[in-house]
Structures are given as C-alpha cells and as structure tokens.
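*Asks:* The structure's right below; bear with me while I get my questions together.
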Amino acid sequence: MKVMNVLATTIAIGLLSGSAAMADGYKTCTKLDKASWKPASDAEAKAKAAGYEVRQSKVEGTCYEVYGVKDGKTFELFYSPEDLSLKHTKAK
Amino acid sequence: MREADPGSRNPPSGRRADRHATTVLVWDLPLRVWHWALAGLILIAWVTPNVYDGLHQFAGYAVIGLLAFRLLWGFVGTRHSRFEKLGPKLRAAPTYLRNLRRGATGRYLGLNPAGAALLVAMLALLAISTVTGAMQVTVRFFGVWWIEDGHAYASHAIIVLAGLHVVGTLVMSRLQRENLVGAMVTGWKQVPGAMRAAPRARSADDARVPLQPQADEAPPQGDEQTQGEPSVVPNIASTSAARPHIGPVDARD
C-alpha cells in the first residue's frame with residue numbers, strides 16, 4: 001500500500017512541478033480584465049496585415065501569442081488583448 | 001508494508017575484501033554514462049523551454065544522439081543493457097505491479113518488470129518529444145498545433161516518469177537494502193545467490209526455507225510466475241547455491 005501511495009504522490013508532485021517548472025518567456029501584456037479583451041482573431045488579422053503567414057494563435061499569460069512565418073523565418077508575436085499593440089516579437 | 005528487519009541477512013555490500021565474491025558487474029560503463037548523461041540533459045531540457053531556446057534545442061539534439069546509441073547498445077551491449085529480455089519482463093509487469101502493492105518486490109539483477117516497462121515508455125516518449133521538438137523549429141511544422149501539443153504532453157510525461165523512476169529506485173533500495181543509485185554509479189550489484197548465504201543458513205536448502213513467502217501474506221501464484229520466468233531472472237553461474245530466483249526480500253521480515 002505504502003509503495004503505491006508514494007508512487008501516487010510522486011505522480012501528483014511530478015504533474016504539479018512539471019507545469020510549474022515549465023519556464024516561460026514573455027507573458028504579460030495587459031492588466032485589463034479578460035472579459036474586456038478584444039478577440040484573438042483581431043490579433044491574427046493584425047499579424048496577417050503585417051505580412052505574416054499565421055499558423056496559430058493562443059493565449060499566453062495576458063498576451064495573444066501569434067505564430068507567424070515571414071520570408072521563410074518563424075516568429076512568435078505577442079499582442080496586447082487590450083489595444084492589439086505589438087508588445088514583443090521573438091524570432092524562433 | 002512491513003519494515004525490513006534490522007538484523008539484515010544481507011552481507012554488507014561494497015566491502016572491498018569480498019566485493020567480487022558477493023557482487024557482480026551489472027551496468028556496463030557505456031550504459032552508466034548514457035544514463036547519467038540522459039538524466040542531466042532531461043534536467044536541462046526541463047528548465048530551459050522558451051527562456052533558453054538554444055540550450056533547450058541542444059539538449060534535445062543530444063538526447064536524439066543518446067537514443068540512437070541506446071538502440072544500438074540494446075543489441076551489442078552487455079547482458080543487462082540488451083533488449084532481448086524486455087519482452088518477457090513487459091508481460092510480467094502487470095502481475096509484478098499488482099504484487100508490489102502487497103510489498104512483494106521480487107529481486108532482479110537487472111531491471112525489474114516495472115523498470116523494464118518504464119524504460120520502454122521513457123524511450124518512446126523521448127523519441128516523441130525530441131522528434132516533435134525538432135519539427136517545431138522547422139518552417140514547415142512551426143506553430144502546427146498537434147506538433148506543439150505532442151511535444152508538450154510527451155515532455156511532461158517524461159518528467160513524471162523520471163520522478164517515478166527516482167522514487168521507485170529509492171523505495172526499492174530501501175525495501176531490498178541495496179544502494180541502487182550507487183549501483184548505477186559503480187555498475188556493481190549484489191548477487192542474489194550471495195544474499196542467501198546468511199550466517200545462520202547452513203546450506204542452500206536451509207537458506208531457502210525462510211525465503212518462502214509467509215502464509216499470512218503469501219504472494220499469489222502469479223508472483224511465482226513472474227519471478228520464475230527463467231528467461232527473465234539472471235542465472236548466476238558462478239554461485240552454485242543460487243536458485244534461479246528468490247522470494248520477496250521482506251517475506252520473512
């Protein structure tokens with residue numbers, strides 16, 4: 001029994017610390033309440049307008065993170081959901 | 001689970017004088033280097049995503065190299081590095097895990113069935129994680145959701161398995177009173193046959209009696225099947241008194 005308890009605890013701790021220890025990069029773009037955010041599709045549209053081929057977008061912290069490709073190079077674009085300003089560009 | 005009896009019947013391991021009489025080289029040097037290199041790289045890869053991308057990618061490519069080596073070594077390495085015993089061990093794993101709940105640990109020179117299952121799962125997950133990771137940085141697959149998710153899930157699962165491996169090893173070290181971490185450093189482990197040469201046992205037959213499962217907590221037949229799997233349990237030719245296997249180490253404690 002004890003062995004199984006220890007193993008179960010390990011899995012739990014592993015899962016928790018696994019997600020906690022996942023070091024993350026840029027993730028703070030706005031303090032605005034999520035209910036008032038502009039839609040993510042607007043951020044994607046903005047990236048497209050800037051010449052990027054948009055692969056996907058997701059919420060990263062309080063940012064919209066848009067995966068874009070331009071001139072054969074890959075970028076992660078961080079937009080503020082508050083005003084859709086480009087906060088950060090990361091070349092991958 | 002019952003605690004191990006303090007008056008251990010196991011001869012102290014690692015005593016220089018009788019080291020070669022009671023211990024045997026189980027993990028060959030390349031396997032040990034592989035193990036600790038992999039442990040270090042997994043640790044690096046765990047703490048570097050998104051922040052230190054260069055280091056993270058280096059760790060991933062290095063792990064691909066280690067995986068290639070391990071596949072090769074699974075066929076040309078020494079006995080306990082090879083994959084040929086994995087099949088029977090994997091089939092024995094469910095029974096082994098059930099018996100583990102009763103505290104029946106069995107005793108194996110190489111990996112026990114749970115360890116074998118973990119090894120196979122770990123190698124598969126490492127392959128998924130590193131391949132999807134490498135794909136992520138190509139223009140073709142950058143930002144493709146199933147590549148991203150596959151990489152994230154496989155990588156998290158690797159950390160969980162690594163944690164399980166560490167705890168499983170420590171628990172087993174305690175239950176069997178053998179320093180298994182040290183064994184992965186030095187390569188040497190106690191010979192199961194030598195463990196039965198208890199001071200109060202006059203012969204191999206005497207030694208056999210206390211090692212049989214006690215009536216009140218006898219492991220079921222399945223346990224015997226697991227441990228009696230002839231192709232699984234190392235047969236130490238040098239110890240004539242050695243039975244092909246022994247019962248759970250704490251069975252008489």
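Quick note on naming: the chains in the structure tokens go A, B, ... in the order shown, residues restart at 1 in each chain, and ligands are numbered from 1 in order of appearance.
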Please return, as a tab-separated table (two decimals) with N, CA and C atoms, in the first residue's frame, all residues of chain B lying within 9 Å of chain A when only C-alpha atoms are considered.

*Replies:*
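For reference, part.tsv as written:
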```tsv
chain	number	residue	atom	x	y	z
B	1	MET	N	2.93	-1.91	4.83
B	1	MET	CA	4.05	-2.77	4.47
B	1	MET	C	4.95	-2.98	5.67
B	46	TRP	N	14.23	20.40	-19.14
B	46	TRP	CA	13.05	20.67	-18.32
B	46	TRP	C	12.97	22.15	-17.94
B	47	VAL	N	14.12	22.75	-17.65
B	47	VAL	CA	14.09	24.11	-17.10
B	47	VAL	C	14.37	25.18	-18.15
B	48	THR	N	14.60	24.78	-19.40
B	48	THR	CA	15.01	25.78	-20.39
B	48	THR	C	13.98	26.20	-21.44
B	49	PRO	N	12.82	25.52	-21.57
B	49	PRO	CA	11.96	25.89	-22.70
B	49	PRO	C	11.55	27.36	-22.65
B	50	ASN	N	11.49	27.98	-23.82
B	50	ASN	CA	11.05	29.37	-24.01
B	50	ASN	C	12.02	30.40	-23.46
B	51	VAL	N	12.81	30.03	-22.49
B	51	VAL	CA	13.72	31.01	-21.91
B	51	VAL	C	15.11	30.88	-22.51
B	52	TYR	N	15.62	29.67	-22.51
B	52	TYR	CA	16.93	29.42	-23.12
B	52	TYR	C	16.74	28.46	-24.29
B	53	ASP	N	16.20	28.98	-25.38
B	53	ASP	CA	15.86	28.12	-26.51
B	53	ASP	C	17.07	27.39	-27.08
B	100	LEU	N	3.43	-5.75	-6.12
B	100	LEU	CA	4.15	-4.66	-5.45
B	100	LEU	C	3.26	-4.02	-4.39
B	101	ARG	N	1.97	-4.02	-4.64
B	101	ARG	CA	1.05	-3.43	-3.67
B	101	ARG	C	1.04	-4.21	-2.38
B	102	ARG	N	1.41	-5.48	-2.46
B	102	ARG	CA	1.49	-6.30	-1.25
B	102	ARG	C	2.89	-6.22	-0.64
B	103	GLY	N	3.76	-5.47	-1.25
B	103	GLY	CA	5.11	-5.35	-0.73
B	103	GLY	C	6.04	-6.42	-1.25
B	137	VAL	N	10.88	23.57	-34.83
B	137	VAL	CA	11.76	24.65	-35.23
B	137	VAL	C	11.97	24.66	-36.74
B	138	THR	N	11.23	23.83	-37.46
B	138	THR	CA	11.27	23.92	-38.92
B	138	THR	C	10.13	24.83	-39.37
B	139	VAL	N	10.33	25.50	-40.49
B	139	VAL	CA	9.29	26.39	-41.02
B	139	VAL	C	8.05	25.57	-41.37
B	142	PHE	N	6.35	24.67	-37.88
B	142	PHE	CA	6.28	25.70	-36.84
B	142	PHE	C	4.83	26.11	-36.59
B	143	GLY	N	4.43	26.10	-35.33
B	143	GLY	CA	3.09	26.57	-34.98
B	143	GLY	C	1.97	25.60	-35.32
B	144	VAL	N	2.31	24.40	-35.79
B	144	VAL	CA	1.27	23.40	-36.06
B	144	VAL	C	0.83	22.81	-34.73
B	145	TRP	N	-0.47	22.88	-34.47
B	145	TRP	CA	-0.92	22.62	-33.09
B	145	TRP	C	-0.58	21.23	-32.58
B	156	HIS	N	6.08	16.55	-20.66
B	156	HIS	CA	5.58	16.49	-19.28
B	156	HIS	C	5.58	15.06	-18.77
B	157	ALA	N	5.16	14.15	-19.65
B	157	ALA	CA	5.11	12.74	-19.24
B	157	ALA	C	6.51	12.23	-18.91
B	159	ILE	N	8.91	13.93	-17.55
B	159	ILE	CA	9.27	14.40	-16.21
B	159	ILE	C	8.56	13.56	-15.15
B	160	VAL	N	7.29	13.23	-15.41
B	160	VAL	CA	6.56	12.38	-14.47
B	160	VAL	C	7.23	11.02	-14.35
B	161	LEU	N	7.58	10.43	-15.49
B	161	LEU	CA	8.22	9.12	-15.47
B	161	LEU	C	9.58	9.19	-14.77
B	162	ALA	N	10.31	10.27	-15.02
B	162	ALA	CA	11.62	10.41	-14.37
B	162	ALA	C	11.44	10.48	-12.85
B	163	GLY	N	10.40	11.21	-12.41
B	163	GLY	CA	10.13	11.29	-10.98
B	163	GLY	C	9.75	9.93	-10.42
B	164	LEU	N	8.92	9.21	-11.16
B	164	LEU	CA	8.53	7.86	-10.76
B	164	LEU	C	9.76	6.96	-10.64
B	167	VAL	N	11.78	7.88	-7.47
B	167	VAL	CA	11.14	7.41	-6.24
B	167	VAL	C	11.10	5.87	-6.20
B	168	GLY	N	10.78	5.27	-7.34
B	168	GLY	CA	10.77	3.81	-7.40
B	168	GLY	C	12.12	3.23	-7.03
B	171	VAL	N	12.67	3.76	-3.21
B	171	VAL	CA	11.84	2.84	-2.42
B	171	VAL	C	12.40	1.42	-2.51
```

*Asks:* Which residues are close to Gly74 (chain B), i.e. within 8 Å by only C-alpha atoms, leaving aside same-chain residues fewer than 4 positions away? Reply as an NGL selection string.

*Replies:* :B and (70 or 81-84)

*Asks:* Store the residues picked out above, limited to N, CA and C atoms, as a PDB file, in the first residue's frame.

*Replies:*
```pdb
ATOM      1  N   ARG B  70      21.469   4.243 -27.536  1.00  0.00           N
ATOM      2  CA  ARG B  70      20.800   3.242 -26.690  1.00  0.00           C
ATOM      3  C   ARG B  70      20.202   2.120 -27.534  1.00  0.00           C
ATOM      4  N   SER B  81      22.230  -4.609 -20.552  1.00  0.00           N
ATOM      5  CA  SER B  81      21.960  -3.468 -21.426  1.00  0.00           C
ATOM      6  C   SER B  81      21.106  -3.869 -22.608  1.00  0.00           C
ATOM      7  N   ARG B  82      21.070  -5.173 -22.892  1.00  0.00           N
ATOM      8  CA  ARG B  82      20.407  -5.623 -24.111  1.00  0.00           C
ATOM      9  C   ARG B  82      18.894  -5.697 -23.948  1.00  0.00           C
ATOM     10  N   PHE B  83      18.219  -5.615 -25.077  1.00  0.00           N
ATOM     11  CA  PHE B  83      16.754  -5.573 -25.085  1.00  0.00           C
ATOM     12  C   PHE B  83      16.130  -6.968 -25.126  1.00  0.00           C
ATOM     13  N   GLU B  84      16.926  -7.996 -25.267  1.00  0.00           N
ATOM     14  CA  GLU B  84      16.341  -9.309 -25.567  1.00  0.00           C
ATOM     15  C   GLU B  84      15.448  -9.844 -24.442  1.00  0.00           C
TER      16      GLU B  84
END
```

*Asks:* Could you tell me how far CA of Ala152 (chain B) sits from CA of Ala50 (chain A), in Å to one decimal place?

*Replies:*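 Separating CA of Ala50 (chain A) from CA of Ala152 (chain B) is a distance of 28.9 Å.
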
*Asks:* By how many Å are CA of Leu111 (chain B) and CA of Gly60 (chain B) apart?

*Replies:* 25.6 Å

*Asks:* Quote the spacing between CA of Leu43 (chain B) and CA of Leu55 (chain B) in Å to one decimal place.

*Replies:*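 Spanning CA of Leu43 (chain B) to CA of Leu55 (chain B) is a straight-line distance of 11.5 Å.
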
*Asks:* Can you tell me, as a tab-separated table (two decimals) with N, CA and C atoms, in the first residue's frame, what residues are no more than 10 Å from Asp33 (chain A) when counting only C-alpha atoms, ignoring any on the same chain fewer than 6 positions away?

*Replies:*
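Heads up, here's the output in part-v4.tsv:
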```tsv
chain	number	residue	atom	x	y	z
A	62	THR	N	-1.15	37.02	-20.26
A	62	THR	CA	-2.15	38.03	-20.63
A	62	THR	C	-1.87	38.57	-22.03
A	81	PRO	N	-4.12	42.11	-25.68
A	81	PRO	CA	-5.55	41.95	-25.95
A	81	PRO	C	-6.32	43.24	-25.65
A	82	GLU	N	-5.65	44.19	-25.00
A	82	GLU	CA	-6.32	45.44	-24.65
A	82	GLU	C	-6.47	46.35	-25.86
```

*Asks:* Counting only C-alpha atoms, figure out which residue out of B:Phe141, B:Phe75, B:Trp34, B:Phe69 gets nearest to Val185 (chain B).

*Replies:*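 Closest to Val185 (chain B) of all the choices is B:Trp34.
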
*Asks:* Name the residues of region 24-127 of chain B that come out as helix (DSSP H, G or I) in a backbone DSSP run; write them as JSON, numbers by chain.

*Replies:* {"B": [29, 30, 31, 32, 33, 34, 35, 36, 37, 38, 39, 40, 41, 42, 43, 44, 45, 46, 47, 53, 54, 55, 56, 57, 58, 59, 60, 61, 62, 63, 64, 65, 66, 67, 68, 69, 70, 71, 72, 73, 74, 75, 76, 79, 80, 81, 86, 87, 88, 89, 90, 91, 92, 93, 94, 95, 96, 97, 98, 99, 100, 113, 114, 115, 116, 117, 118, 119, 120, 121, 122, 123, 124, 125, 126, 127]}

*Asks:* Select from region 6-89 of chain A everything DSSP, run on the backbone, classes as strand (DSSP E), then give the selection as a PDB file with N, CA and C atoms, in the first residue's frame.

*Replies:*
```pdb
ATOM      1  N   GLU A  53       2.421  34.954 -42.367  1.00  0.00           N
ATOM      2  CA  GLU A  53       1.533  33.820 -42.554  1.00  0.00           C
ATOM      3  C   GLU A  53       1.237  33.275 -41.161  1.00  0.00           C
ATOM      4  N   VAL A  54      -0.023  33.351 -40.748  1.00  0.00           N
ATOM      5  CA  VAL A  54      -0.369  32.978 -39.367  1.00  0.00           C
ATOM      6  C   VAL A  54      -0.633  31.474 -39.276  1.00  0.00           C
ATOM      7  N   ARG A  55       0.099  30.808 -38.404  1.00  0.00           N
ATOM      8  CA  ARG A  55      -0.074  29.369 -38.217  1.00  0.00           C
ATOM      9  C   ARG A  55      -1.110  29.069 -37.138  1.00  0.00           C
ATOM     10  N   GLN A  56      -1.006  29.760 -36.022  1.00  0.00           N
ATOM     11  CA  GLN A  56      -1.995  29.597 -34.955  1.00  0.00           C
ATOM     12  C   GLN A  56      -1.799  30.722 -33.959  1.00  0.00           C
ATOM     13  N   SER A  57      -2.802  30.910 -33.097  1.00  0.00           N
ATOM     14  CA  SER A  57      -2.633  31.872 -32.016  1.00  0.00           C
ATOM     15  C   SER A  57      -3.211  31.271 -30.756  1.00  0.00           C
ATOM     16  N   LYS A  58      -2.664  31.720 -29.627  1.00  0.00           N
ATOM     17  CA  LYS A  58      -3.188  31.228 -28.360  1.00  0.00           C
ATOM     18  C   LYS A  58      -2.949  32.281 -27.288  1.00  0.00           C
ATOM     19  N   VAL A  59      -3.593  32.081 -26.170  1.00  0.00           N
ATOM     20  CA  VAL A  59      -3.404  32.999 -25.056  1.00  0.00           C
ATOM     21  C   VAL A  59      -2.195  32.538 -24.256  1.00  0.00           C
ATOM     22  N   GLU A  60      -1.252  33.436 -24.073  1.00  0.00           N
ATOM     23  CA  GLU A  60      -0.063  33.140 -23.281  1.00  0.00           C
ATOM     24  C   GLU A  60       0.008  34.188 -22.171  1.00  0.00           C
ATOM     25  N   CYS A  63      -1.293  37.710 -22.872  1.00  0.00           N
ATOM     26  CA  CYS A  63      -0.978  38.114 -24.243  1.00  0.00           C
ATOM     27  C   CYS A  63      -1.690  37.205 -25.232  1.00  0.00           C
ATOM     28  N   TYR A  64      -1.896  37.723 -26.433  1.00  0.00           N
ATOM     29  CA  TYR A  64      -2.200  36.852 -27.566  1.00  0.00           C
ATOM     30  C   TYR A  64      -0.866  36.528 -28.212  1.00  0.00           C
ATOM     31  N   GLU A  65      -0.553  35.244 -28.296  1.00  0.00           N
ATOM     32  CA  GLU A  65       0.688  34.829 -28.939  1.00  0.00           C
ATOM     33  C   GLU A  65       0.339  34.284 -30.312  1.00  0.00           C
ATOM     34  N   VAL A  66       0.835  34.951 -31.337  1.00  0.00           N
ATOM     35  CA  VAL A  66       0.535  34.545 -32.713  1.00  0.00           C
ATOM     36  C   VAL A  66       1.790  33.924 -33.324  1.00  0.00           C
ATOM     37  N   TYR A  67       1.634  32.721 -33.867  1.00  0.00           N
ATOM     38  CA  TYR A  67       2.736  32.048 -34.548  1.00  0.00           C
ATOM     39  C   TYR A  67       2.696  32.457 -36.010  1.00  0.00           C
ATOM     40  N   GLY A  68       3.737  33.153 -36.436  1.00  0.00           N
ATOM     41  CA  GLY A  68       3.749  33.647 -37.804  1.00  0.00           C
ATOM     42  C   GLY A  68       5.022  33.300 -38.546  1.00  0.00           C
ATOM     43  N   VAL A  69       4.890  33.163 -39.873  1.00  0.00           N
ATOM     44  CA  VAL A  69       6.050  32.905 -40.724  1.00  0.00           C
ATOM     45  C   VAL A  69       6.145  34.030 -41.745  1.00  0.00           C
ATOM     46  N   LYS A  70       7.341  34.582 -41.883  1.00  0.00           N
ATOM     47  CA  LYS A  70       7.556  35.680 -42.829  1.00  0.00           C
ATOM     48  C   LYS A  70       8.923  35.507 -43.462  1.00  0.00           C
ATOM     49  N   LYS A  73      11.076  32.740 -42.317  1.00  0.00           N
ATOM     50  CA  LYS A  73      11.535  32.745 -40.920  1.00  0.00           C
ATOM     51  C   LYS A  73      10.339  32.655 -39.985  1.00  0.00           C
ATOM     52  N   THR A  74      10.569  32.071 -38.804  1.00  0.00           N
ATOM     53  CA  THR A  74       9.459  31.844 -37.862  1.00  0.00           C
ATOM     54  C   THR A  74       9.532  32.847 -36.716  1.00  0.00           C
ATOM     55  N   PHE A  75       8.347  33.335 -36.350  1.00  0.00           N
ATOM     56  CA  PHE A  75       8.272  34.342 -35.289  1.00  0.00           C
ATOM     57  C   PHE A  75       7.112  34.036 -34.338  1.00  0.00           C
ATOM     58  N   GLU A  76       7.298  34.449 -33.095  1.00  0.00           N
ATOM     59  CA  GLU A  76       6.183  34.471 -32.161  1.00  0.00           C
ATOM     60  C   GLU A  76       5.898  35.943 -31.861  1.00  0.00           C
ATOM     61  N   LEU A  77       4.650  36.356 -32.144  1.00  0.00           N
ATOM     62  CA  LEU A  77       4.266  37.758 -31.969  1.00  0.00           C
ATOM     63  C   LEU A  77       3.341  37.860 -30.767  1.00  0.00           C
ATOM     64  N   PHE A  78       3.681  38.789 -29.875  1.00  0.00           N
ATOM     65  CA  PHE A  78       2.877  38.954 -28.664  1.00  0.00           C
ATOM     66  C   PHE A  78       2.089  40.253 -28.740  1.00  0.00           C
ATOM     67  N   TYR A  79       0.761  40.114 -28.800  1.00  0.00           N
ATOM     68  CA  TYR A  79      -0.123  41.282 -28.891  1.00  0.00           C
ATOM     69  C   TYR A  79      -0.864  41.477 -27.574  1.00  0.00           C
ATOM     70  N   LEU A  86       1.536  45.583 -30.620  1.00  0.00           N
ATOM     71  CA  LEU A  86       2.560  44.527 -30.638  1.00  0.00           C
ATOM     72  C   LEU A  86       3.554  44.781 -29.505  1.00  0.00           C
ATOM     73  N   LYS A  87       3.556  43.886 -28.519  1.00  0.00           N
ATOM     74  CA  LYS A  87       4.386  44.096 -27.332  1.00  0.00           C
ATOM     75  C   LYS A  87       5.777  43.488 -27.500  1.00  0.00           C
ATOM     76  N   HIS A  88       5.828  42.418 -28.263  1.00  0.00           N
ATOM     77  CA  HIS A  88       7.083  41.683 -28.300  1.00  0.00           C
ATOM     78  C   HIS A  88       7.134  40.800 -29.540  1.00  0.00           C
ATOM     79  N   THR A  89       8.277  40.737 -30.179  1.00  0.00           N
ATOM     80  CA  THR A  89       8.464  39.836 -31.322  1.00  0.00           C
ATOM     81  C   THR A  89       9.659  38.947 -31.045  1.00  0.00           C
TER      82      THR A  89
END
```
